[in-house]
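Enquirer: Just so it is clear, I am handing over protein.cif, which has mmCIF, C-alpha atoms and all ligand atoms.
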```cif
data_data
#
loop_
_atom_site.label_atom_id
_atom_site.label_comp_id
_atom_site.auth_asym_id
_atom_site.auth_seq_id
_atom_site.Cartn_x
_atom_site.Cartn_y
_atom_site.Cartn_z
CA MET A 637 -5.83 -29.69 11.75
CA ARG A 638 -2.93 -28.87 9.49
CA GLU A 639 -0.08 -26.88 10.93
CA THR A 640 -0.15 -23.14 10.20
CA VAL A 641 2.63 -21.82 7.98
CA LEU A 642 1.68 -18.15 7.76
CA THR A 643 -0.27 -16.07 10.25
CA VAL A 644 -1.19 -12.50 9.43
CA ALA A 645 -2.71 -10.62 12.37
CA GLY A 646 -3.95 -7.05 12.58
CA LEU A 647 -1.94 -6.08 9.49
CA LYS A 648 -2.05 -2.35 8.78
CA VAL A 649 -0.66 -0.46 5.81
CA THR A 650 -0.90 3.25 5.06
CA TYR A 651 0.25 5.26 2.07
CA GLY A 652 0.75 8.76 3.41
CA LYS A 653 -2.37 9.44 5.45
CA LYS A 654 -4.45 6.97 3.51
CA GLU A 655 -5.25 3.76 5.38
CA ILE A 656 -5.03 0.88 2.94
CA LEU A 657 -5.11 -2.18 5.23
CA ARG A 658 -7.02 -1.66 8.45
CA GLY A 659 -6.16 -4.74 10.46
CA VAL A 660 -6.23 -7.82 8.26
CA ASP A 661 -6.16 -11.31 9.82
CA PHE A 662 -5.80 -14.67 8.12
CA THR A 663 -3.75 -17.84 8.09
CA VAL A 664 -2.40 -20.28 5.52
CA ALA A 665 -1.83 -23.87 6.62
CA ARG A 666 0.75 -26.36 5.39
CA GLY A 667 -0.18 -27.51 1.89
CA GLU A 668 -3.07 -25.06 1.72
CA VAL A 669 -3.95 -22.70 -1.14
CA VAL A 670 -5.78 -19.51 -0.24
CA THR A 671 -7.03 -16.93 -2.73
CA LEU A 672 -7.36 -13.29 -1.81
CA LEU A 673 -10.23 -11.66 -3.72
CA GLY A 674 -11.60 -8.14 -3.85
CA ALA A 675 -12.42 -5.23 -6.14
CA ASN A 676 -9.70 -3.01 -7.59
CA GLY A 677 -8.01 -1.04 -4.86
CA SER A 678 -9.30 -3.19 -2.00
CA GLY A 679 -5.76 -3.90 -0.81
CA LYS A 680 -4.91 -7.32 -2.26
CA SER A 681 -1.50 -6.44 -3.67
CA SER A 682 -0.73 -4.34 -0.62
CA SER A 683 -1.36 -7.42 1.54
CA LEU A 684 1.13 -9.48 -0.45
CA ASN A 685 3.65 -6.64 -0.51
CA ALA A 686 3.36 -6.15 3.25
CA ILE A 687 4.04 -9.85 3.84
CA THR A 688 7.04 -9.89 1.49
CA GLY A 689 8.38 -6.59 2.80
CA PHE A 690 8.07 -4.49 -0.36
CA VAL A 691 5.79 -2.32 1.76
CA LYS A 692 6.48 -1.83 5.46
CA PRO A 693 3.36 -2.38 7.56
CA VAL A 694 2.58 0.21 10.22
CA GLY A 695 0.94 -2.35 12.50
CA GLY A 696 0.23 -6.01 13.06
CA SER A 697 2.31 -9.14 12.74
CA VAL A 698 3.32 -11.57 10.02
CA THR A 699 4.47 -14.89 11.41
CA LEU A 700 6.13 -17.55 9.29
CA GLU A 701 6.41 -20.90 11.06
CA GLY A 702 6.61 -19.13 14.41
CA THR A 703 9.03 -16.35 13.40
CA ASP A 704 7.79 -12.76 13.18
CA ILE A 705 8.92 -11.41 9.83
CA ALA A 706 6.77 -8.25 9.72
CA GLY A 707 8.67 -5.22 8.49
CA LEU A 708 11.73 -7.16 7.30
CA PRO A 709 12.99 -6.10 3.85
CA PRO A 710 12.26 -8.42 0.89
CA HIS A 711 15.69 -10.07 0.79
CA ARG A 712 15.26 -11.07 4.43
CA THR A 713 11.71 -12.40 4.12
CA PHE A 714 12.97 -14.30 1.08
CA ALA A 715 15.80 -15.80 3.12
CA HIS A 716 13.14 -16.96 5.59
CA GLY A 717 11.25 -18.71 2.78
CA VAL A 718 8.66 -16.26 1.46
CA VAL A 719 8.70 -15.82 -2.30
CA GLN A 720 6.48 -13.59 -4.41
CA VAL A 721 5.77 -13.93 -8.11
CA SER A 722 4.51 -10.61 -9.37
CA GLN A 723 2.36 -9.61 -12.25
CA ALA A 724 5.30 -7.89 -13.90
CA ARG A 725 7.09 -11.25 -14.12
CA ASP A 726 10.40 -9.66 -13.36
CA ILE A 727 12.62 -12.11 -15.14
CA PHE A 728 15.79 -11.00 -16.89
CA PRO A 729 15.01 -11.02 -20.62
CA ASP A 730 18.60 -11.07 -21.87
CA MET A 731 19.73 -13.88 -19.62
CA ALA A 732 19.39 -17.55 -20.47
CA VAL A 733 16.45 -19.43 -18.99
CA GLU A 734 18.74 -21.53 -16.79
CA ASP A 735 20.63 -18.50 -15.47
CA ASN A 736 17.30 -16.90 -14.56
CA LEU A 737 16.40 -20.06 -12.67
CA ARG A 738 19.73 -20.22 -10.83
CA LEU A 739 19.17 -16.71 -9.49
CA GLY A 740 16.19 -18.10 -7.61
CA ALA A 741 18.40 -20.25 -5.39
CA LEU A 742 20.74 -17.44 -4.36
CA LEU A 743 20.30 -16.14 -0.80
CA ARG A 744 18.78 -19.41 0.39
CA ARG A 745 21.76 -21.01 2.06
CA GLU A 746 20.14 -24.37 2.69
CA VAL A 747 19.25 -24.84 -0.99
CA ARG A 748 21.47 -26.58 -3.56
CA ALA A 749 20.82 -25.08 -7.00
CA ALA A 750 21.66 -28.29 -8.89
CA ASP A 751 19.03 -30.29 -6.98
CA GLU A 752 16.40 -27.63 -7.38
CA LEU A 753 17.10 -27.25 -11.11
CA GLU A 754 16.29 -30.92 -11.62
CA ARG A 755 13.09 -30.52 -9.62
CA VAL A 756 12.00 -27.42 -11.56
CA TYR A 757 12.80 -29.10 -14.89
CA SER A 758 10.70 -32.08 -13.88
CA TYR A 759 7.83 -29.65 -13.32
CA PHE A 760 8.46 -27.77 -16.53
CA PRO A 761 10.18 -29.93 -19.16
CA ARG A 762 9.67 -27.10 -21.63
CA LEU A 763 12.02 -24.90 -19.64
CA LYS A 764 14.66 -27.63 -19.79
CA GLU A 765 14.34 -27.80 -23.58
CA ARG A 766 14.77 -24.05 -23.74
CA ARG A 767 17.36 -23.68 -20.99
CA ARG A 768 19.99 -22.00 -23.19
CA GLN A 769 17.56 -19.55 -24.83
CA HIS A 770 17.26 -15.96 -23.74
CA ALA A 771 14.21 -15.54 -21.52
CA ARG A 772 12.77 -12.91 -23.87
CA THR A 773 12.36 -15.53 -26.61
CA LEU A 774 9.86 -17.49 -24.50
CA SER A 775 6.10 -17.23 -25.03
CA GLY A 776 3.97 -15.44 -22.42
CA GLY A 777 2.95 -18.74 -20.81
CA GLU A 778 6.53 -19.97 -20.76
CA GLN A 779 7.72 -16.74 -19.17
CA GLN A 780 5.15 -17.26 -16.43
CA MET A 781 6.47 -20.83 -16.00
CA LEU A 782 9.96 -19.35 -15.70
CA ALA A 783 8.84 -16.85 -13.06
CA VAL A 784 7.17 -19.63 -11.07
CA GLY A 785 10.13 -21.96 -11.66
CA ARG A 786 12.55 -19.36 -10.38
CA ALA A 787 10.42 -18.90 -7.29
CA LEU A 788 10.43 -22.67 -6.72
CA MET A 789 14.24 -22.75 -6.91
CA SER A 790 14.33 -21.24 -3.43
CA ARG A 791 12.26 -24.11 -1.97
CA PRO A 792 9.85 -21.56 -0.51
CA LYS A 793 7.86 -22.20 2.64
CA ILE A 794 5.08 -20.18 1.03
CA MET A 795 4.59 -18.74 -2.43
CA LEU A 796 2.66 -15.53 -3.04
CA LEU A 797 1.26 -15.12 -6.54
CA ASP A 798 0.04 -11.72 -7.72
CA GLU A 799 -2.28 -12.10 -10.71
CA PRO A 800 -0.69 -15.16 -12.29
CA SER A 801 -3.10 -14.86 -15.23
CA GLY A 802 -2.34 -11.15 -15.74
CA GLY A 803 -1.92 -10.29 -19.39
CA LEU A 804 -2.04 -13.89 -20.60
CA SER A 805 -4.34 -15.16 -23.32
CA PRO A 806 -7.02 -17.73 -22.35
CA GLN A 807 -4.88 -20.56 -23.70
CA PHE A 808 -2.08 -19.65 -21.30
CA VAL A 809 -4.49 -19.14 -18.42
CA ASN A 810 -5.27 -22.86 -18.63
CA GLU A 811 -1.55 -23.57 -18.51
CA VAL A 812 -1.23 -21.42 -15.41
CA ALA A 813 -4.12 -23.32 -13.81
CA GLU A 814 -2.26 -26.57 -14.49
CA ILE A 815 0.91 -25.17 -12.96
CA MET A 816 -0.95 -24.12 -9.83
CA LEU A 817 -2.58 -27.53 -9.49
CA LYS A 818 0.80 -29.22 -9.84
CA LEU A 819 2.28 -27.04 -7.12
CA LYS A 820 -0.70 -27.70 -4.91
CA GLY A 821 -0.30 -31.44 -5.52
CA ASP A 822 3.28 -31.10 -4.32
CA GLY A 823 2.11 -29.39 -1.12
CA VAL A 824 3.47 -25.89 -1.78
CA PRO A 825 1.39 -23.47 0.33
CA MET A 826 0.17 -20.56 -1.77
CA LEU A 827 -1.56 -17.23 -1.35
CA ILE A 828 -2.97 -16.14 -4.69
CA VAL A 829 -4.37 -12.80 -5.80
CA GLU A 830 -6.31 -13.40 -8.98
CA GLN A 831 -9.07 -11.53 -10.85
CA ASN A 832 -9.98 -14.58 -12.88
CA LEU A 833 -12.28 -16.41 -10.46
CA HIS A 834 -12.29 -19.55 -12.55
CA LEU A 835 -8.52 -19.76 -12.14
CA ALA A 836 -8.59 -18.69 -8.49
CA PHE A 837 -11.13 -21.37 -7.57
CA ALA A 838 -9.45 -24.06 -9.68
CA ALA A 839 -6.60 -24.32 -7.20
CA ALA A 840 -7.73 -22.69 -3.96
CA ASP A 841 -8.99 -24.49 -0.86
CA ARG A 842 -10.20 -21.26 0.72
CA PHE A 843 -11.06 -17.71 -0.33
CA ILE A 844 -10.90 -14.43 1.53
CA ILE A 845 -12.67 -11.30 0.30
CA LEU A 846 -11.15 -7.91 1.05
CA ARG A 847 -13.11 -4.69 0.90
CA ASP A 848 -11.57 -1.31 1.67
CA GLY A 849 -8.68 -2.91 3.47
CA GLU A 850 -10.75 -5.19 5.67
CA ILE A 851 -11.79 -8.81 5.44
CA LEU A 852 -15.44 -8.98 4.51
CA GLU A 853 -15.97 -12.68 4.16
CA GLY A 854 -14.19 -15.95 3.70
CA GLY A 855 -14.89 -19.62 3.33
CA ARG A 856 -14.10 -22.94 1.73
CA VAL A 857 -14.16 -23.09 -2.05
CA ASP A 858 -15.71 -26.58 -2.06
CA ALA A 859 -18.69 -25.23 -0.10
CA LEU A 860 -19.51 -22.66 -2.80
CA PRO A 861 -22.45 -23.27 -5.11
CA GLU A 862 -21.69 -24.20 -8.71
CA ASN A 863 -22.27 -20.69 -10.04
CA HIS A 864 -20.34 -18.00 -8.28
CA GLU A 865 -22.80 -15.14 -8.79
CA ASP A 866 -23.21 -14.40 -5.09
CA ILE A 867 -19.49 -14.26 -4.61
CA VAL A 868 -19.07 -11.96 -7.59
CA ARG A 869 -21.76 -9.68 -6.15
CA THR A 870 -20.07 -9.72 -2.73
CA ILE A 871 -16.75 -8.82 -4.26
CA TYR A 872 -17.80 -6.04 -6.54
CA LEU A 873 -20.97 -4.47 -5.10
N1 LIG A 901 2.69 3.12 -3.49
C1 LIG A 901 1.45 3.62 -3.33
N2 LIG A 901 1.25 4.89 -2.97
C2 LIG A 901 0.01 5.38 -2.79
N3 LIG A 901 -1.11 4.68 -2.92
C3 LIG A 901 -0.98 3.39 -3.28
C4 LIG A 901 0.30 2.79 -3.51
N4 LIG A 901 0.10 1.48 -3.85
C5 LIG A 901 -1.23 1.30 -3.84
N5 LIG A 901 -1.88 2.42 -3.50
C6 LIG A 901 -3.33 2.57 -3.34
O1 LIG A 901 -3.75 1.66 -2.34
C7 LIG A 901 -5.00 1.08 -2.65
C8 LIG A 901 -4.89 -0.43 -2.61
O2 LIG A 901 -4.04 -0.86 -3.65
P1 LIG A 901 -3.73 -2.38 -3.94
O3 LIG A 901 -2.84 -2.41 -5.14
O4 LIG A 901 -3.29 -3.06 -2.72
O5 LIG A 901 -5.17 -2.92 -4.31
P2 LIG A 901 -5.58 -4.22 -5.10
O6 LIG A 901 -6.73 -4.78 -4.37
O7 LIG A 901 -4.43 -5.10 -5.33
O8 LIG A 901 -6.08 -3.58 -6.45
P3 LIG A 901 -5.92 -4.03 -7.99
O9 LIG A 901 -6.82 -5.19 -8.15
O10 LIG A 901 -6.39 -2.81 -8.72
O11 LIG A 901 -4.47 -4.33 -8.20
C9 LIG A 901 -5.39 1.65 -4.00
O12 LIG A 901 -6.29 2.70 -3.78
C10 LIG A 901 -4.09 2.15 -4.57
O13 LIG A 901 -4.31 3.25 -5.43
#
```
Could you rewrite the structure in this file as structure tokens?
Expert:
Amino acid sequence: MRETVLTVAGLKVTYGKKEILRGVDFTVARGEVVTLLGANGSGKSSSLNAITGFVKPVGGSVTLEGTDIAGLPPHRTFAHGVVQVSQARDIFPDMAVEDNLRLGALLRREVRAADELERVYSYFPRLKERRRQHARTLSGGEQQMLAVGRALMSRPKIMLLDEPSGGLSPQFVNEVAEIMLKLKGDGVPMLIVEQNLHLAFAAADRFIILRDGEILEGGRVDALPENHEDIVRTIYL
């Protein structure tokens, strides 16, 4: 059994009176990639945001390597080693690629930016070639690389990815799949929310299906049949 990195137990989120997460439980082990699936509005992004601290849960616990981080604000969960890459790819368009990357190492005291830059550039040589360019001059796929690269700069204990394929053309979706496989090969634990099942299953070891803020089903990706029709039906019907 691999050691558990993240344990989410009984996680509850409400917006006003509306219950969005009604007690969600799951774990992510060291080196494991888990994908969180579900129809629109089932609570996938809310789960990530409640772990990172963008949304404060009203119940339950979030434990990172034995430390309860539930309810901490994002800069504190980040300092503990949780990093989220969001759909909006919130990079700074008018800053150079390298300056965007360096921001990723701030707030993580144990991390040396120079070492991490070399590591990120070895992942993404294209970012090294473009390190002096403004981030806005990068292609969509390269901007996604930059967002992931910046997240890696903090040497995260776990990386949360919200729709890494969001808004990208099919050509770039393949690039994102390659990035995720590289990270997985390097043992970075990941929790991925992704509508594109092909992409989600390309990297994930396990899947979890949310419906109306509860876990409906889960299992190992390698135990799924070749065509995913049943899963699609479970998710959307
Ligand atoms: N800040 C907010 N205030 C009020 N309601 C919200 C807020 N954020 C999300 N919701 C609602 O909570 C529910 C769950 O949203 P969430 O974004 O977690 O779902 P999701 O599974 O990620 O959906 P999608 O695939 O559409 O992004 C939705 O009904 C959404 O409208």
Enquirer: Kindly provide, as a list of chain:residue names, all nucleotide and amino acid residues lying within 7 Å of ligand LIG 901 (chain A), counting all atoms listed in the file.
Expert: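 After applying the 7 Å limit, what remains is A:Tyr651, A:Ile656, A:Gly674, A:Ala675, A:Asn676, A:Gly677, A:Ser678, A:Gly679, A:Lys680, A:Ser681, A:Ser682, A:Ser683.
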Enquirer: What lies within 9 Å of Val719 (chain A) using all atoms listed in the file, ignoring chain neighbours under 4 positions off, as number ranges by chain?
Expert: A: 688, 710, 713-715, 787-788, 790, 792-797
Enquirer: I need the residue nearest Val691 (chain A) from this list: A:Arg762, A:Pro709, A:Thr703, A:Pro806. Use only C-alpha atoms for the distance.
Expert: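 Between A:Arg762, A:Pro709, A:Thr703, A:Pro806, the residue approaching Val691 (chain A) most closely is A:Pro709.
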Enquirer: Rank nothing, just name the residue among A:Ala840, A:Val698, A:Met789, A:Val747 nearest to Ile828 (chain A), using only C-alpha atoms.
Expert: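 Among A:Ala840, A:Val698, A:Met789, A:Val747, it is A:Ala840 that comes nearest to Ile828 (chain A).
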Enquirer: Record the distance separating CA of Arg738 (chain A) and CA of Ser758 (chain A), expressed in Å with one decimal.
Expert: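 Answer for the CA of Arg738 (chain A) to CA of Ser758 (chain A) separation: 15.2 Å.
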Enquirer: Nearest to Tyr872 (chain A) among A:Ala771, A:Val649, A:Leu846, A:Val733, with distances taken over all atoms listed in the file: which residue is it?
Expert: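 That would be A:Leu846, the residue with the smallest distance to Tyr872 (chain A).
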Enquirer: Name all residues at most 10 Å from Arg768 (chain A) (count only C-alpha atoms; drop same-chain ones fewer than 4 positions away) and give them as a list of chain:residue names.
Expert: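 Within the cut-off, the hits are A:Met731, A:Ala732, A:Val733, A:Glu734, A:Asp735, A:Leu763, A:Lys764.
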Enquirer: Pick from A:His711, A:Ala686, A:Asp704, A:Arg767: nearest to Leu742 (chain A), with all atoms listed in the file counted?
Expert: A:His711
Enquirer: Given all atoms listed in the file as the basis, pick out the residue of A:Lys818, A:Glu862, A:Leu673, A:Gly695 nearest to Glu655 (chain A).
Expert: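 Closest residue, counting all atoms listed in the file: A:Gly695.
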